[in-house]
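Worksheet: one structure, shown below.
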Amino acid sequence: MAVKLFDSELKVMNVLWKEGDKTAKEISDILKAETGWNMNTTYTVIKKCIAKGAIERSEPGFLCHALIPKEAVQEAETDELIGKLFDGSVDKLFAALLGSKKLSAEQIARLKELVDREAEQ
């Protein structure tokens with residue numbers, strides 16, 4: 001993914017990923033309730049997302065459609081985090097996560113399951 005999204009742009013994208021296609025007005029109403037943003041702020045951020053190729057606008061009603069899947073953004077952000085903070089090492093990331101949080105037995109079992117599944121591929 002070549003598109004870098006800032007936190008404000010991710011708020012708009014999260015609405016579209018969660019709710020599906022929405023008009024700019026609908027996005028604005030949702031973000032006003034969630035974050036207190038006014039309409040002008042939301043429209044400015046939507047226009048930035050359009051300029052970056054993350055959102056497609058259509059008529060009638062300034063309908064917004066996400067062009068980038070959430071999973072692609074998650075993968076790119078994860079890769080960037082691992083590269084910046086953990087020298088590109090996934091095991092260093094896991095060690096940091098395990099060292100900073102007390103995990104429940106259920107969470108540990110899910111992580112083991114994910115690792116086992118990955119090892120089988």
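Starting from 1 in every chain, residues are counted up; chains themselves are A, B, ... following the order of the structure tokens, and ligands are numbered from 1 as listed.
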Give me the residues within 12 Å of A:Lys32 as a count of residues only, counting only C-alpha atoms and dropping any in the same chain fewer than 5 places off.
14
Output as a PyMOL selection string all residues of chain A that backbone DSSP marks as alpha helix (DSSP H).
chain A and resi 7-19+24-35+39-52+70-85+90-100+105-120
Cut-off 7 Å: closest stretch 2-43 of chain A/stretch 64-72 of chain A atom pairs per residue, using only C-alpha atoms, as CSV:
```
residue,atom,partner,partner_atom,distance
A:Met13,CA,A:Ala66,CA,6.8
A:Leu16,CA,A:Ala66,CA,6.2
A:Trp17,CA,A:Lys70,CA,6.7
A:Asp21,CA,A:His65,CA,4.9
A:Lys22,CA,A:Cys64,CA,5.4
A:Thr23,CA,A:Cys64,CA,5.5
A:Ala24,CA,A:Cys64,CA,6.5
```
Residue subset to file, keeping N, CA and C atoms, as a PDB file, in the first residue's frame:
```
ATOM      1  N   MET A  13     -11.996   6.597   7.314  1.00  0.00           N
ATOM      2  CA  MET A  13     -11.966   5.270   6.704  1.00  0.00           C
ATOM      3  C   MET A  13     -12.650   4.237   7.586  1.00  0.00           C
ATOM      4  N   LEU A  16     -16.292   4.125   6.969  1.00  0.00           N
ATOM      5  CA  LEU A  16     -16.644   3.438   5.724  1.00  0.00           C
ATOM      6  C   LEU A  16     -16.426   1.933   5.834  1.00  0.00           C
ATOM      7  N   TRP A  17     -15.353   1.522   6.504  1.00  0.00           N
ATOM      8  CA  TRP A  17     -15.114   0.080   6.660  1.00  0.00           C
ATOM      9  C   TRP A  17     -16.178  -0.562   7.531  1.00  0.00           C
ATOM     10  N   ASP A  21     -20.622   2.117   2.256  1.00  0.00           N
ATOM     11  CA  ASP A  21     -20.705   3.405   1.569  1.00  0.00           C
ATOM     12  C   ASP A  21     -21.644   4.349   2.314  1.00  0.00           C
ATOM     13  N   LYS A  22     -21.187   5.581   2.478  1.00  0.00           N
ATOM     14  CA  LYS A  22     -21.967   6.615   3.161  1.00  0.00           C
ATOM     15  C   LYS A  22     -21.764   7.932   2.439  1.00  0.00           C
ATOM     16  N   THR A  23     -22.745   8.808   2.565  1.00  0.00           N
ATOM     17  CA  THR A  23     -22.569  10.156   2.035  1.00  0.00           C
ATOM     18  C   THR A  23     -21.646  10.923   2.987  1.00  0.00           C
ATOM     19  N   ALA A  24     -21.066  11.989   2.473  1.00  0.00           N
ATOM     20  CA  ALA A  24     -20.198  12.817   3.310  1.00  0.00           C
ATOM     21  C   ALA A  24     -20.977  13.355   4.510  1.00  0.00           C
TER      22      ALA A  24
END
```
Nearest candidate to A:Asn14 (options A:Val73, A:Leu85, A:Ile50, A:Leu97; using only C-alpha atoms):
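Looking only at the distances to A:Asn14, the closest residue turns out to be A:Val73.
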Residues at most 12 Å from stretch 78-82 of chain A, counting only C-alpha atoms, excluding those fewer than 5 positions away in the same chain, as a list of chain:residue names?
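Using only C-alpha atoms, the neighbours found are A:Met1, A:Ala2, A:Lys4, A:Glu71, A:Ala72, A:Val73, A:Asp87, A:Gly88, A:Ser89, A:Val90, A:Asp91, A:Lys92, A:Leu93, A:Phe94, A:Ala96, A:Leu97.
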Restricted to C-alpha atoms, what would the selected residues look like written as a PDB file, in the first residue's frame?
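The resulting file, selection-v1.pdb, is shown below:
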```
ATOM      1  CA  MET A   1       0.000   0.000   0.000  1.00  0.00           C
ATOM      2  CA  ALA A   2       1.576   3.252  -1.121  1.00  0.00           C
ATOM      3  CA  LYS A   4      -0.073   6.729   4.054  1.00  0.00           C
ATOM      4  CA  GLU A  71      -6.655  -5.318   5.949  1.00  0.00           C
ATOM      5  CA  ALA A  72      -4.244  -3.628   3.522  1.00  0.00           C
ATOM      6  CA  VAL A  73      -3.938  -0.623   5.823  1.00  0.00           C
ATOM      7  CA  ASP A  87      14.308  -3.515  13.620  1.00  0.00           C
ATOM      8  CA  GLY A  88      12.013  -5.446  11.283  1.00  0.00           C
ATOM      9  CA  SER A  89      11.779  -8.313  13.761  1.00  0.00           C
ATOM     10  CA  VAL A  90       8.357  -9.837  14.401  1.00  0.00           C
ATOM     11  CA  ASP A  91       9.695 -11.841  17.338  1.00  0.00           C
ATOM     12  CA  LYS A  92      10.867  -8.613  19.014  1.00  0.00           C
ATOM     13  CA  LEU A  93       7.336  -7.226  18.579  1.00  0.00           C
ATOM     14  CA  PHE A  94       5.826 -10.332  20.192  1.00  0.00           C
ATOM     15  CA  ALA A  96       7.419  -6.583  23.682  1.00  0.00           C
ATOM     16  CA  LEU A  97       3.704  -7.382  23.612  1.00  0.00           C
TER      17      LEU A  97
END
```
Let's see if you can do this: from backbone DSSP, list all strand (DSSP E or B) residues in chain A, as a PyMOL selection string.
chain A and resi 22-23+55-58+63-66
